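A.B. asks: Structure file final18.cif (mmCIF, C-alpha atoms) right here:
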```
data_structure
#
loop_
_atom_site.group_PDB
_atom_site.id
_atom_site.type_symbol
_atom_site.label_atom_id
_atom_site.label_comp_id
_atom_site.auth_asym_id
_atom_site.auth_seq_id
_atom_site.Cartn_x
_atom_site.Cartn_y
_atom_site.Cartn_z
ATOM 1 C CA MET A 1 69.142 42.334 96.475
ATOM 2 C CA PHE A 2 71.680 39.541 96.838
ATOM 3 C CA ALA A 3 73.837 40.820 94.029
ATOM 4 C CA GLU A 4 77.004 42.789 93.674
ATOM 5 C CA ASP A 5 76.578 46.510 94.304
ATOM 6 C CA SER A 6 76.513 47.422 90.605
ATOM 7 C CA GLN A 7 73.913 44.744 89.868
ATOM 8 C CA ALA A 8 71.777 45.744 92.834
ATOM 9 C CA LYS A 9 71.900 49.374 91.750
ATOM 10 C CA SER A 10 70.854 48.550 88.190
ATOM 11 C CA ILE A 11 68.002 46.350 89.464
ATOM 12 C CA ALA A 12 66.843 49.164 91.758
ATOM 13 C CA GLU A 13 67.100 51.692 88.910
ATOM 14 C CA GLN A 14 65.032 49.438 86.661
ATOM 15 C CA ARG A 15 62.331 49.012 89.297
ATOM 16 C CA VAL A 16 62.302 52.761 89.968
ATOM 17 C CA ALA A 17 61.945 53.453 86.244
ATOM 18 C CA ASN A 18 58.819 51.293 86.263
ATOM 19 C CA SER A 19 57.379 52.944 89.379
ATOM 20 C CA GLN A 20 55.899 56.353 90.082
ATOM 21 C CA SER A 21 58.861 57.443 92.214
ATOM 22 C CA GLU A 22 61.235 60.044 90.851
ATOM 23 C CA THR A 23 64.575 58.844 92.231
ATOM 24 C CA ILE A 24 66.126 55.778 93.784
ATOM 25 C CA ASP A 25 66.535 57.640 97.077
ATOM 26 C CA GLU A 26 62.848 58.507 97.090
ATOM 27 C CA ALA A 27 61.911 54.946 96.211
ATOM 28 C CA LEU A 28 64.024 53.553 99.026
ATOM 29 C CA THR A 29 62.853 56.095 101.583
ATOM 30 C CA GLU A 30 59.164 56.282 100.656
ATOM 31 C CA PRO A 31 57.024 56.079 103.762
ATOM 32 C CA VAL A 32 55.517 52.707 104.518
ATOM 33 C CA THR A 33 52.084 54.300 104.687
ATOM 34 C CA GLN A 34 51.689 54.355 100.916
ATOM 35 C CA ASP A 35 49.442 51.475 99.875
ATOM 36 C CA LYS A 36 51.798 50.011 97.311
ATOM 37 C CA LYS A 37 54.749 49.941 99.713
ATOM 38 C CA GLN A 38 53.205 48.382 102.818
ATOM 39 C CA GLY A 39 54.173 44.825 102.062
ATOM 40 C CA TRP A 40 51.886 41.900 102.826
ATOM 41 C CA HIS A 41 49.480 43.813 105.023
ATOM 42 C CA ALA A 42 48.711 46.199 102.141
ATOM 43 C CA THR A 43 47.037 43.486 100.103
ATOM 44 C CA LYS A 44 43.289 43.884 100.448
ATOM 45 C CA PRO A 45 42.568 40.206 101.164
ATOM 46 C CA VAL A 46 45.059 40.176 104.040
ATOM 47 C CA GLN A 47 43.577 43.434 105.362
ATOM 48 C CA LYS A 48 40.038 42.064 105.092
ATOM 49 C CA LEU A 49 40.949 38.846 106.870
ATOM 50 C CA TYR A 50 42.846 40.696 109.594
ATOM 51 C CA ASN A 51 39.996 43.188 110.126
ATOM 52 C CA PHE A 52 37.494 40.314 110.154
ATOM 53 C CA MET A 53 39.473 38.590 112.909
ATOM 54 C CA ILE A 54 39.639 41.793 114.940
ATOM 55 C CA ALA A 55 35.877 42.226 114.532
ATOM 56 C CA CYS A 56 35.259 38.609 115.581
ATOM 57 C CA ARG A 57 37.435 38.996 118.640
ATOM 58 C CA ASN A 58 35.483 42.093 119.647
ATOM 59 C CA MET A 59 32.042 40.627 118.978
ATOM 60 C CA VAL A 60 29.813 39.399 121.746
ATOM 61 C CA TYR A 61 28.418 36.452 119.775
ATOM 62 C CA HIS A 62 28.822 33.314 121.861
ATOM 63 C CA ASN A 63 32.464 32.505 121.023
ATOM 64 C CA GLU A 64 31.575 31.159 117.587
ATOM 65 C CA PHE A 65 34.910 32.066 116.090
ATOM 66 C CA LYS A 66 37.436 32.840 118.793
ATOM 67 C CA THR A 67 39.927 30.244 117.502
ATOM 68 C CA LEU A 68 41.005 32.597 114.719
ATOM 69 C CA SER A 69 42.431 35.326 116.918
ATOM 70 C CA GLY A 70 46.150 35.011 117.364
ATOM 71 C CA GLY A 71 49.306 34.359 115.376
ATOM 72 C CA ARG A 72 49.656 33.105 111.836
ATOM 73 C CA SER A 73 46.331 34.684 110.973
ATOM 74 C CA VAL A 74 46.475 34.199 107.204
ATOM 75 C CA LYS A 75 47.159 30.489 107.580
ATOM 76 C CA GLN A 76 44.451 30.079 110.210
ATOM 77 C CA GLY A 77 41.996 32.112 108.189
ATOM 78 C CA PHE A 78 42.647 30.050 105.099
ATOM 79 C CA GLN A 79 42.393 26.776 106.989
ATOM 80 C CA LEU A 80 39.124 27.944 108.532
ATOM 81 C CA ARG A 81 37.737 29.235 105.235
ATOM 82 C CA PRO A 82 34.349 27.476 105.560
ATOM 83 C CA ALA A 83 33.906 28.889 109.066
ATOM 84 C CA VAL A 84 34.948 32.377 107.919
ATOM 85 C CA VAL A 85 32.390 32.291 105.097
ATOM 86 C CA THR A 86 29.675 30.933 107.414
ATOM 87 C CA MET A 87 30.396 33.525 110.089
ATOM 88 C CA ILE A 88 30.232 36.388 107.585
ATOM 89 C CA ASP A 89 26.998 35.009 106.094
ATOM 90 C CA ARG A 90 25.439 34.517 109.527
ATOM 91 C CA HIS A 91 26.290 38.030 110.701
ATOM 92 C CA ASP A 92 25.988 39.810 107.371
ATOM 93 C CA THR A 93 25.072 43.202 108.795
ATOM 94 C CA ASP A 94 28.102 43.339 111.086
ATOM 95 C CA LEU A 95 30.688 41.620 108.900
ATOM 96 C CA LYS A 96 29.699 42.142 105.255
ATOM 97 C CA GLN A 97 32.601 44.548 104.618
ATOM 98 C CA TYR A 98 34.998 41.656 105.345
ATOM 99 C CA ARG A 99 33.472 39.281 102.770
ATOM 100 C CA LEU A 100 36.309 37.680 100.813
ATOM 101 C CA THR A 101 35.888 37.101 97.080
ATOM 102 C CA MET A 102 37.309 34.166 95.143
ATOM 103 C CA ASP A 103 40.164 36.446 94.051
ATOM 104 C CA ASP A 104 40.783 37.380 97.693
ATOM 105 C CA TRP A 105 41.072 33.690 98.626
ATOM 106 C CA ARG A 106 43.454 33.140 95.687
ATOM 107 C CA VAL A 107 45.685 35.985 96.913
ATOM 108 C CA LEU A 108 45.612 34.527 100.428
ATOM 109 C CA GLN A 109 46.636 31.133 98.994
ATOM 110 C CA GLU A 110 49.539 32.727 97.101
ATOM 111 C CA THR A 111 50.550 34.606 100.241
ATOM 112 C CA LEU A 112 50.599 31.328 102.172
ATOM 113 C CA GLU A 113 52.621 29.632 99.442
ATOM 114 C CA PHE A 114 55.183 32.422 99.638
ATOM 115 C CA LEU A 115 55.405 32.543 103.435
ATOM 116 C CA GLN A 116 55.301 28.794 104.211
ATOM 117 C CA PRO A 117 59.012 28.126 103.450
ATOM 118 C CA PHE A 118 60.009 30.876 105.884
ATOM 119 C CA TYR A 119 57.937 29.291 108.632
ATOM 120 C CA GLU A 120 59.386 25.839 107.897
ATOM 121 C CA VAL A 121 62.996 27.070 107.794
ATOM 122 C CA THR A 122 62.497 28.983 111.041
ATOM 123 C CA LYS A 123 61.170 25.846 112.739
ATOM 124 C CA LEU A 124 64.032 23.718 111.386
ATOM 125 C CA LEU A 125 66.674 26.136 112.641
ATOM 126 C CA GLU A 126 65.190 26.789 116.086
ATOM 127 C CA GLY A 127 67.027 25.602 119.139
ATOM 128 C CA ASP A 128 70.622 24.723 119.883
ATOM 129 C CA GLU A 129 71.041 21.893 117.384
ATOM 130 C CA ALA A 130 71.223 23.920 114.136
ATOM 131 C CA THR A 131 74.693 24.250 112.632
ATOM 132 C CA LEU A 132 76.109 27.097 110.566
ATOM 133 C CA ASP A 133 76.205 24.786 107.535
ATOM 134 C CA GLU A 134 72.496 24.041 107.919
ATOM 135 C CA THR A 135 71.739 27.717 108.357
ATOM 136 C CA GLN A 136 73.689 28.660 105.246
ATOM 137 C CA GLU A 137 71.985 25.909 103.233
ATOM 138 C CA LYS A 138 68.544 27.099 104.338
ATOM 139 C CA MET A 139 69.398 30.731 103.583
ATOM 140 C CA HIS A 140 70.395 29.732 100.037
ATOM 141 C CA PHE A 141 67.121 27.838 99.745
ATOM 142 C CA LEU A 142 65.201 30.968 100.770
ATOM 143 C CA ILE A 143 67.154 33.082 98.274
ATOM 144 C CA SER A 144 66.122 30.650 95.537
ATOM 145 C CA HIS A 145 62.552 30.823 96.800
ATOM 146 C CA TYR A 146 62.634 34.640 96.561
ATOM 147 C CA LYS A 147 63.893 34.499 92.979
ATOM 148 C CA GLU A 148 61.235 31.972 91.956
ATOM 149 C CA GLN A 149 58.491 34.040 93.550
ATOM 150 C CA GLU A 150 59.730 37.263 91.937
ATOM 151 C CA ALA A 151 59.553 35.569 88.535
ATOM 152 C CA LYS A 152 56.142 34.051 89.286
ATOM 153 C CA HIS A 153 54.638 37.376 90.409
ATOM 154 C CA ALA A 154 56.470 39.703 88.001
ATOM 155 C CA THR A 155 53.200 41.166 86.705
ATOM 156 C CA HIS A 156 51.441 41.389 90.080
ATOM 157 C CA THR A 157 52.733 44.746 91.353
ATOM 158 C CA ALA A 158 51.247 44.592 94.856
ATOM 159 C CA PHE A 159 52.642 41.118 95.446
ATOM 160 C CA LEU A 160 56.010 42.091 93.951
ATOM 161 C CA SER A 161 56.117 45.122 96.241
ATOM 162 C CA ALA A 162 55.501 42.872 99.250
ATOM 163 C CA ILE A 163 58.246 40.509 98.066
ATOM 164 C CA ASP A 164 60.631 43.462 97.651
ATOM 165 C CA THR A 165 59.860 44.662 101.169
ATOM 166 C CA SER A 166 60.523 41.168 102.462
ATOM 167 C CA TRP A 167 63.803 40.982 100.509
ATOM 168 C CA ILE A 168 65.005 44.169 102.190
ATOM 169 C CA LEU A 169 64.359 42.720 105.647
ATOM 170 C CA PHE A 170 65.831 39.338 104.695
ATOM 171 C CA ASN A 171 68.933 41.042 103.295
ATOM 172 C CA LYS A 172 69.825 42.196 106.832
ATOM 173 C CA TYR A 173 70.544 38.583 107.736
#
```
Go ahead and render the structure in this file as structure tokens.

C.D. replies:
Amino acid sequence: MFAEDSQAKSIAEQRVANSQSETIDEALTEPVTQDKKQGWHATKPVQKLYNFMIACRNMVYHNEFKTLSGGRSVKQGFQLRPAVVTMIDRHDTDLKQYRLTMDDWRVLQETLEFLQPFYEVTKLLEGDEATLDETQEKMHFLISHYKEQEAKHATHTAFLSAIDTSWILFNKY
């Protein structure tokens, strides 16, 4: 994405050749509703955790788990893993469809590892004190992070799709 136009086009063509889409235009304009193109939310563990939190917020059980509703849900869910497991076990009939497997927790961990630098850079650059030099340095750091993560998850198509979606949004800045 952060390449010269000819390089970006060849990268896009290569990814399209490996996908089920017929053309680059179709690949770039595919609706977000297709499972493989929804980004982070399309990963089943993230969906399960999100749906679990919604269910907990709507439950009438004596506020056992209200702390999980709110922002940064993947991080909170992962940090509260023992409580999530206990809550699902305790209310198995209501919450069993949200049970997270070991693989689900691994995907959540990888999602956190990918997203954490973005959170940290955002916090560092908040406010009036950040300079353009600092911003440029942090943007280069995030570009390197993207490249490392693309290499790390080259065989994990759902994760790579989420990274690609994120790249597109990041490229606007």

A.B. asks: Find, counting all atoms listed in the file, the residue in A:Glu129, A:Glu113, A:Asp164, A:Glu148 that gets nearest to A:Val74.

C.D. replies: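 Closest to A:Val74 of all the choices is A:Glu113.
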
A.B. asks: Can you tell me which residues surround A:Arg81 at a distance of at most 12 Å, considering all atoms listed in the file, apart from same-chain residues fewer than 3 positions away, and format the answer as a ChimeraX atom specification?

C.D. replies: /A:49,65,68,73-78,84-88,99-102,104-106,108-109

A.B. asks: Can you tell me which residues surround A:Tyr50 at a distance of at most 10 Å, considering all atoms listed in the file, apart from same-chain residues fewer than 3 positions away, and format the answer as a PyMOL selection string?

C.D. replies: chain A and resi 41+44-47+53-56+68-69+73-74+77+98

A.B. asks: Would you compute an axis-aligned box for stretch 77-92 of chain A, covering every atom listed for it in the file with 6 Å of margin on each side, and report centre and edge lengths in Å to one decimal as JSON?

C.D. replies:
```
{"center_x": 34.0, "center_y": 33.3, "center_z": 107.9, "size_x": 29.2, "size_y": 25.0, "size_z": 17.6}
```

A.B. asks: Residues picked by the PyMOL selection byres ((chain A and resi 167) around 12) here, as a list in words?

C.D. replies: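 Matching residues under the PyMOL selection byres ((chain A and resi 167) around 12) are Met1, Phe2, Ala3, Gly39, Leu142, Ile143, Ser144, His145, Tyr146, Lys147, Gln149, Glu150, Leu160, Ser161, Ala162, Ile163, Asp164, Thr165, Ser166, Ile168, Leu169, Phe170, Asn171, Lys172 and Tyr173 of chain A.
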
A.B. asks: Can you measure atom CA of A:Thr157 to atom CA of A:Thr122 for me? One decimal in Å is fine.

C.D. replies: 27.0 Å

A.B. asks: For atom CA of A:Glu134 and atom CA of A:Glu120, quote the distance in Å rounded to one decimal.

C.D. replies: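 These two atoms are separated by 13.2 Å.
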